[in-house]
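Down below is the structure, laid out as structure tokens.
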Amino acid sequence: MNDIFENTETMKENEHPRFYTAESVMRGHPDKLCDLIADNVLDACLQHDPASRVACEVMATHGHIIVAGEITTSAKPDVFNIVRDTLRDVGYDPKAYQIDCYIHDQSPDIAGAVEPELAEGEDEDTLGAGDQGVMVGYACNETPEYLPMPVVAAQRLVTLLEISRMTGVIPDIGPDGKVQVTMEYNGDTPVRITTVVVSVQHKEDTDINKLADLLDEYVFPLAFDGMPADDAEIILNPSGKFVQGGPDADTGLTGRKLMVDSYGTFAPHGGGAFSGKDATKVDRSAAYMARFIAKNIVAAGSFAQRCQVTLAYAIGEKDPVMVDVNTFGTGGPCEDDCLSAAVRKAYDLTPAGIIKQLKLLNPIYSRTAAGGHFGREDFPWENIERMSDLAAYIV
């Protein structure tokens, strides 16, 4: 990939700057805590029954954790201990919370649409979409992760805050926190990080100036490595004090950090959350597939520098009702409608095909719940492959 900062020193003054902001949150943020619990429940089901149907929702508030949803599985997930273990792992005392669980089987109407009765000779792997919905995948060539630079910077910041807390390098910070990174662009080129906001939970007697020094030493240099951040304004805990955090300070819900989970303001979001849902729910699986396709199109080098793939489904139907590719004018000789037609032919976009391609029956989901669902190489939808398959269908 070309160094996008190769000519920044000689770049003309940015006459028409554009600014984009990306956000990320720590695992102890009440919404992320709920996502973690929901995905841990999902993983516990899949570990013993890969055919589990799970739609798990969690609410966290002062002294209470409520788990509810529709789960059909031969597994017997110990929801109460899953919640306790997640709280302890994140940094909260499970004894401080009453846990309530309200779970029942998946609706037979939905189950019948997902796995309809097959006529003689029909493929047993046929699955209908678990719901209707619109899913968006996005990629660009700004970073090695094929994500916008402020998104990567925000994710790095949160990861380093987590590591600093768990290793004791910065002992005074707590499990709750959130960050924002604002970046100036010249056209489609990131020019400089202008503002960084860090709100992180801390002990009552923490010296904020000392905390700022520790962040300057251990977090910011690694988070912004290779990025133009020398002149960034750092705003630490703008509320002035952040001692009370987590569910004691704010009620949390699954699926309330959609843009944190995906691409920030750089791409639209269809509205369906990811966490707590098995792969028959195209809210999740098709969003992963759309990212997989968009990333591979950009990684190919000749198709586009930026790409957005949008898929839409009807409940019970196996084929998408819409496949759209948008390269924002950065495409090569193949127009967007040509790419859209090629994507339909090159990839199996049925729920069963997506599950098989991306290995979505494995219990991998608790790792996705915090830190963003995209950009980490250990997820199968981040693999760069099958570009030759797509090229074969370009006309």
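Chain labels follow the order of the structure tokens: the first chain is A, the next B, and so on; residue numbering restarts at 1 in every chain, and ligands are counted from 1 in their shown order.
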Could you produce a table of the residues of region 240-318 of chain A lying within 9 Å of region 148-151 of chain A, with the nearest pair of atoms per residue and their separation in Å rounded to one decimal, using only C-alpha atoms, ordered by chain and increasing residue number, as a Markdown table?
```
| residue | atom | partner | partner_atom | distance |
| --- | --- | --- | --- | --- |
| A:Val260 | CA | A:Val151 | CA | 8.5 |
| A:Ser262 | CA | A:Val151 | CA | 8.9 |
| A:Tyr263 | CA | A:Val151 | CA | 6.7 |
| A:Gly264 | CA | A:Val151 | CA | 6.9 |
| A:Phe266 | CA | A:Pro148 | CA | 7.6 |
```
Shell around Ala75 (chain A) at 7 Å using only C-alpha atoms, local window under 6 positions removed, as an mmCIF file with all heavy atoms, in the first residue's frame:
```cif
data_model
loop_
_atom_site.group_PDB
_atom_site.id
_atom_site.type_symbol
_atom_site.label_atom_id
_atom_site.label_comp_id
_atom_site.auth_asym_id
_atom_site.auth_seq_id
_atom_site.Cartn_x
_atom_site.Cartn_y
_atom_site.Cartn_z
ATOM 1 N N CYS A 45 -23.571 -21.277 23.988
ATOM 2 C CA CYS A 45 -24.521 -22.114 23.240
ATOM 3 C C CYS A 45 -23.829 -22.795 22.062
ATOM 4 O O CYS A 45 -23.966 -24.008 21.856
ATOM 5 C CB CYS A 45 -25.694 -21.271 22.754
ATOM 6 S SG CYS A 45 -26.753 -20.628 24.065
ATOM 7 N N HIS A 48 -21.446 -25.957 22.470
ATOM 8 C CA HIS A 48 -22.035 -27.286 22.655
ATOM 9 C C HIS A 48 -23.052 -27.639 21.575
ATOM 10 O O HIS A 48 -23.373 -28.807 21.375
ATOM 11 C CB HIS A 48 -22.693 -27.378 24.038
ATOM 12 C CG HIS A 48 -21.721 -27.202 25.168
ATOM 13 N ND1 HIS A 48 -20.859 -28.190 25.560
ATOM 14 C CD2 HIS A 48 -21.472 -26.134 25.965
ATOM 15 C CE1 HIS A 48 -20.111 -27.748 26.567
ATOM 16 N NE2 HIS A 48 -20.460 -26.510 26.827
ATOM 17 N N ASP A 49 -23.566 -26.616 20.887
ATOM 18 C CA ASP A 49 -24.575 -26.863 19.852
ATOM 19 C C ASP A 49 -24.417 -25.813 18.758
ATOM 20 O O ASP A 49 -24.983 -24.716 18.851
ATOM 21 C CB ASP A 49 -25.980 -26.804 20.460
ATOM 22 C CG ASP A 49 -27.071 -27.027 19.418
ATOM 23 O OD1 ASP A 49 -26.744 -27.423 18.271
ATOM 24 O OD2 ASP A 49 -28.264 -26.806 19.747
#
```
**Asked** Can you tell me, as a VMD selection string, what residues are no more than 8 Å from region 29-42 of chain A when counting only C-alpha atoms, ignoring any on the same chain fewer than 6 positions away?
**Response** chain A and resid 54 56 to 61 67 77 79 82 to 83 86 to 87 90 175 to 178 245 to 247 250 to 257 275 to 278 363 365 to 366 369 to 370
**Message:** Just list as an MDAnalysis selection string whatever in region 170-274 of chain A DSSP marks as strand (DSSP E).
**Reply:** chainID A and resid 173:186 189:202 233:236 252:253
Please produce a file of the residues just selected, as a tab-separated table (two decimals), in the first residue's frame, where the atoms kept are N, CA, C and O atoms.
```tsv
chain	number	residue	atom	x	y	z
A	173	ILE	N	-6.75	3.88	36.67
A	173	ILE	CA	-7.93	3.95	35.80
A	173	ILE	C	-8.85	2.77	36.03
A	173	ILE	O	-8.44	1.68	36.41
A	174	GLY	N	-10.14	3.01	35.79
A	174	GLY	CA	-11.15	1.98	36.00
A	174	GLY	C	-11.59	1.36	34.69
A	174	GLY	O	-11.07	1.68	33.62
A	175	PRO	N	-12.58	0.46	34.75
A	175	PRO	CA	-12.98	-0.29	33.56
A	175	PRO	C	-13.84	0.48	32.56
A	175	PRO	O	-14.01	0.04	31.43
A	176	ASP	N	-14.39	1.62	32.96
A	176	ASP	CA	-15.29	2.36	32.08
A	176	ASP	C	-14.52	3.50	31.41
A	176	ASP	O	-13.65	4.12	32.03
A	177	GLY	N	-14.87	3.76	30.16
A	177	GLY	CA	-14.23	4.86	29.47
A	177	GLY	C	-14.63	4.91	28.01
A	177	GLY	O	-15.16	3.94	27.46
A	178	LYS	N	-14.37	6.04	27.39
A	178	LYS	CA	-14.65	6.21	25.96
A	178	LYS	C	-13.69	7.23	25.38
A	178	LYS	O	-13.16	8.08	26.10
A	179	VAL	N	-13.47	7.13	24.07
A	179	VAL	CA	-12.55	8.05	23.40
A	179	VAL	C	-13.19	8.55	22.11
A	179	VAL	O	-14.08	7.91	21.54
A	180	GLN	N	-12.71	9.69	21.66
A	180	GLN	CA	-13.08	10.25	20.35
A	180	GLN	C	-11.83	10.77	19.66
A	180	GLN	O	-10.97	11.36	20.30
A	181	VAL	N	-11.76	10.55	18.36
A	181	VAL	CA	-10.64	11.08	17.57
A	181	VAL	C	-11.22	11.84	16.38
A	181	VAL	O	-11.99	11.27	15.59
A	182	THR	N	-10.86	13.11	16.27
A	182	THR	CA	-11.31	13.94	15.14
A	182	THR	C	-10.13	14.18	14.21
A	182	THR	O	-9.03	14.53	14.65
A	183	MET	N	-10.39	14.00	12.91
A	183	MET	CA	-9.32	14.12	11.91
A	183	MET	C	-9.72	15.06	10.79
A	183	MET	O	-10.88	15.05	10.35
A	184	GLU	N	-8.77	15.85	10.35
A	184	GLU	CA	-8.98	16.72	9.20
A	184	GLU	C	-8.60	15.97	7.93
A	184	GLU	O	-7.58	15.26	7.88
A	185	TYR	N	-9.43	16.11	6.92
A	185	TYR	CA	-9.19	15.50	5.61
A	185	TYR	C	-9.05	16.58	4.55
A	185	TYR	O	-9.73	17.61	4.60
A	186	ASN	N	-8.21	16.31	3.60
A	186	ASN	CA	-8.14	17.11	2.37
A	186	ASN	C	-8.66	16.21	1.26
A	186	ASN	O	-7.97	15.30	0.80
A	189	THR	N	-8.05	12.36	1.66
A	189	THR	CA	-6.77	12.08	2.29
A	189	THR	C	-6.74	12.62	3.72
A	189	THR	O	-6.96	13.81	3.94
A	190	PRO	N	-6.46	11.77	4.72
A	190	PRO	CA	-6.33	12.26	6.09
A	190	PRO	C	-5.08	13.10	6.22
A	190	PRO	O	-3.99	12.70	5.79
A	191	VAL	N	-5.22	14.28	6.81
A	191	VAL	CA	-4.12	15.23	6.90
A	191	VAL	C	-3.53	15.27	8.31
A	191	VAL	O	-2.32	15.20	8.49
A	192	ARG	N	-4.40	15.40	9.32
A	192	ARG	CA	-3.88	15.47	10.68
A	192	ARG	C	-5.00	15.19	11.68
A	192	ARG	O	-6.17	15.48	11.42
A	193	ILE	N	-4.63	14.60	12.80
A	193	ILE	CA	-5.55	14.46	13.92
A	193	ILE	C	-5.60	15.80	14.64
A	193	ILE	O	-4.58	16.36	15.02
A	194	THR	N	-6.80	16.34	14.77
A	194	THR	CA	-6.95	17.67	15.37
A	194	THR	C	-7.30	17.61	16.85
A	194	THR	O	-6.79	18.40	17.64
A	195	THR	N	-8.17	16.68	17.23
A	195	THR	CA	-8.65	16.65	18.61
A	195	THR	C	-8.82	15.21	19.08
A	195	THR	O	-9.37	14.38	18.34
A	196	VAL	N	-8.39	14.94	20.29
A	196	VAL	CA	-8.58	13.63	20.91
A	196	VAL	C	-9.26	13.85	22.26
A	196	VAL	O	-8.78	14.63	23.09
A	197	VAL	N	-10.38	13.19	22.46
A	197	VAL	CA	-11.09	13.26	23.73
A	197	VAL	C	-10.99	11.91	24.42
A	197	VAL	O	-11.34	10.88	23.84
A	198	VAL	N	-10.50	11.91	25.65
A	198	VAL	CA	-10.40	10.69	26.44
A	198	VAL	C	-11.15	10.90	27.74
A	198	VAL	O	-10.79	11.77	28.54
A	199	SER	N	-12.19	10.10	27.94
A	199	SER	CA	-12.91	10.10	29.21
A	199	SER	C	-12.73	8.73	29.83
A	199	SER	O	-13.21	7.73	29.29
A	200	VAL	N	-12.00	8.67	30.93
A	200	VAL	CA	-11.68	7.37	31.53
A	200	VAL	C	-11.94	7.41	33.03
A	200	VAL	O	-11.60	8.38	33.72
A	201	GLN	N	-12.57	6.35	33.52
A	201	GLN	CA	-12.88	6.24	34.94
A	201	GLN	C	-11.59	6.18	35.76
A	201	GLN	O	-10.59	5.61	35.33
A	202	HIS	N	-11.63	6.76	36.96
A	202	HIS	CA	-10.42	6.80	37.79
A	202	HIS	C	-10.80	6.76	39.27
A	202	HIS	O	-11.96	6.94	39.65
A	233	GLU	N	-4.94	18.36	19.81
A	233	GLU	CA	-5.37	18.82	21.13
A	233	GLU	C	-5.92	17.62	21.90
A	233	GLU	O	-6.81	16.92	21.43
A	234	ILE	N	-5.38	17.38	23.10
A	234	ILE	CA	-5.82	16.27	23.93
A	234	ILE	C	-6.74	16.82	25.03
A	234	ILE	O	-6.33	17.69	25.81
A	235	ILE	N	-7.96	16.31	25.08
A	235	ILE	CA	-8.91	16.71	26.12
A	235	ILE	C	-9.15	15.49	27.01
A	235	ILE	O	-9.74	14.50	26.58
A	236	LEU	N	-8.70	15.56	28.25
A	236	LEU	CA	-8.82	14.44	29.19
A	236	LEU	C	-9.92	14.72	30.20
A	236	LEU	O	-9.91	15.74	30.89
A	252	GLY	N	-27.02	0.44	30.71
A	252	GLY	CA	-26.48	-0.10	29.46
A	252	GLY	C	-27.45	-1.04	28.80
A	252	GLY	O	-28.28	-1.69	29.45
A	253	LEU	N	-27.35	-1.13	27.47
A	253	LEU	CA	-28.18	-2.03	26.67
A	253	LEU	C	-27.35	-2.63	25.54
A	253	LEU	O	-26.43	-1.98	25.03
```
**Prompt:** Between CA of Asp261 (chain A) and CA of Leu46 (chain A), what is the distance, to one decimal in Å?
**Reply:** 21.7 Å
**Prompt:** Do you know which residues are at most 9 Å from Leu157 (chain A) counting only C-alpha atoms, after dropping those on the same chain fewer than 5 positions away, and could you put them as an NGL selection string?
**Reply:** :A and (24 or 152 or 162 or 179 or 198 or 219-220 or 222-224)
**Request:** Rank A:Asp93, A:Asp283, A:Glu317, A:Asp205 by their smallest atom-to-atom distance to Val243 (chain A), using only C-alpha atoms, and report the top residue only.
**Result:**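 Distance minimum relative to Val243 (chain A) lands on A:Asp205.
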**Who sits within 6 Å of region 300-312 of chain A, only C-alpha atoms, same chain under 4 positions skipped, as an MDAnalysis selection string** = chainID A and resid 133:141 290 294 320:327 330:332
**Message:** Please extract the residues of region 175-317 of chain A with a backbone DSSP assignment of alpha helix (DSSP H) and present them as a PyMOL selection string.
**Reply:** chain A and resi 208-218+220-223+258-261+282-299
Same residues, C-alpha atoms, saved as a PDB file, in the first residue's frame:
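Saved to again.pdb:
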```pdb
ATOM      1  CA  ILE A 208      -5.425  14.081  36.836  1.00  0.00           C
ATOM      2  CA  ASN A 209      -2.175  15.789  35.846  1.00  0.00           C
ATOM      3  CA  LYS A 210      -0.225  12.634  36.737  1.00  0.00           C
ATOM      4  CA  LEU A 211      -2.757  10.543  34.810  1.00  0.00           C
ATOM      5  CA  ALA A 212      -2.235  12.810  31.791  1.00  0.00           C
ATOM      6  CA  ASP A 213       1.529  12.307  32.040  1.00  0.00           C
ATOM      7  CA  LEU A 214       1.124   8.512  32.139  1.00  0.00           C
ATOM      8  CA  LEU A 215      -1.137   8.599  29.078  1.00  0.00           C
ATOM      9  CA  ASP A 216       1.449  10.757  27.276  1.00  0.00           C
ATOM     10  CA  GLU A 217       4.126   8.193  28.117  1.00  0.00           C
ATOM     11  CA  TYR A 218       2.392   4.832  27.635  1.00  0.00           C
ATOM     12  CA  PHE A 220      -0.628   8.143  22.990  1.00  0.00           C
ATOM     13  CA  PRO A 221       2.724   7.390  21.290  1.00  0.00           C
ATOM     14  CA  LEU A 222       1.674   3.820  20.455  1.00  0.00           C
ATOM     15  CA  ALA A 223      -1.908   4.728  19.588  1.00  0.00           C
ATOM     16  CA  LEU A 258     -23.653   0.499  16.424  1.00  0.00           C
ATOM     17  CA  MET A 259     -21.248   3.028  14.948  1.00  0.00           C
ATOM     18  CA  VAL A 260     -18.529   2.141  17.466  1.00  0.00           C
ATOM     19  CA  ASP A 261     -18.936  -1.470  16.349  1.00  0.00           C
ATOM     20  CA  VAL A 282     -28.247 -11.499   8.708  1.00  0.00           C
ATOM     21  CA  ASP A 283     -27.966  -8.337  10.822  1.00  0.00           C
ATOM     22  CA  ARG A 284     -24.690  -9.875  11.837  1.00  0.00           C
ATOM     23  CA  SER A 285     -23.580 -12.419   9.255  1.00  0.00           C
ATOM     24  CA  ALA A 286     -24.381 -10.332   6.172  1.00  0.00           C
ATOM     25  CA  ALA A 287     -22.663  -7.298   7.722  1.00  0.00           C
ATOM     26  CA  TYR A 288     -19.556  -9.434   8.108  1.00  0.00           C
ATOM     27  CA  MET A 289     -19.886 -10.682   4.532  1.00  0.00           C
ATOM     28  CA  ALA A 290     -20.327  -7.147   3.198  1.00  0.00           C
ATOM     29  CA  ARG A 291     -17.125  -6.104   4.974  1.00  0.00           C
ATOM     30  CA  PHE A 292     -15.326  -9.181   3.599  1.00  0.00           C
ATOM     31  CA  ILE A 293     -16.303  -8.287   0.036  1.00  0.00           C
ATOM     32  CA  ALA A 294     -15.577  -4.547   0.385  1.00  0.00           C
ATOM     33  CA  LYS A 295     -12.150  -5.227   1.915  1.00  0.00           C
ATOM     34  CA  ASN A 296     -11.221  -7.677  -0.824  1.00  0.00           C
ATOM     35  CA  ILE A 297     -12.303  -5.255  -3.551  1.00  0.00           C
ATOM     36  CA  VAL A 298     -10.050  -2.520  -2.109  1.00  0.00           C
ATOM     37  CA  ALA A 299      -7.198  -4.932  -1.363  1.00  0.00           C
TER      38      ALA A 299
END
```
**Message:** I want to know what sits within 7 Å of Glu70 (chain A), based on only C-alpha atoms, with residues of the same chain fewer than 6 positions away left out; could you give that as a PyMOL selection string?
**Reply:** chain A and resi 54-56+103-106
Restricting the output to N, CA and C atoms, write the selected residues as a tab-separated table (two decimals), in the first residue's frame.
```tsv
chain	number	residue	atom	x	y	z
A	54	VAL	N	-29.96	-18.05	18.62
A	54	VAL	CA	-29.80	-17.17	19.78
A	54	VAL	C	-30.10	-15.72	19.41
A	55	ALA	N	-30.93	-15.10	20.20
A	55	ALA	CA	-31.15	-13.65	20.12
A	55	ALA	C	-31.23	-13.16	21.56
A	56	CYS	N	-30.08	-12.76	22.08
A	56	CYS	CA	-29.93	-12.46	23.51
A	56	CYS	C	-29.77	-10.96	23.72
A	103	ILE	N	-35.61	-15.98	29.47
A	103	ILE	CA	-35.28	-16.57	28.18
A	103	ILE	C	-36.33	-17.59	27.79
A	104	HIS	N	-36.72	-17.58	26.51
A	104	HIS	CA	-37.66	-18.58	26.00
A	104	HIS	C	-37.22	-19.00	24.60
A	105	ASP	N	-37.90	-19.98	24.03
A	105	ASP	CA	-37.53	-20.50	22.71
A	105	ASP	C	-37.79	-19.47	21.62
A	106	GLN	N	-37.09	-19.67	20.51
A	106	GLN	CA	-37.33	-18.84	19.33
A	106	GLN	C	-38.75	-19.05	18.84
```
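Going from CA of His373 (chain A) to CA of Ala229 (chain A) covers 24.7 Å.
Distances here use only C-alpha atoms; by that measure, the residue among A:Ile364, A:Glu145, A:Asp348, A:Tyr393 closest to Pro380 (chain A) is A:Ile364.
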**Message:** As an exercise, work out the distance from CA of Ile384 (chain A) to CA of Lys318 (chain A) in Å and give it to one decimal place.
**Reply:**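 Separation between CA of Ile384 (chain A) and CA of Lys318 (chain A): 24.9 Å.
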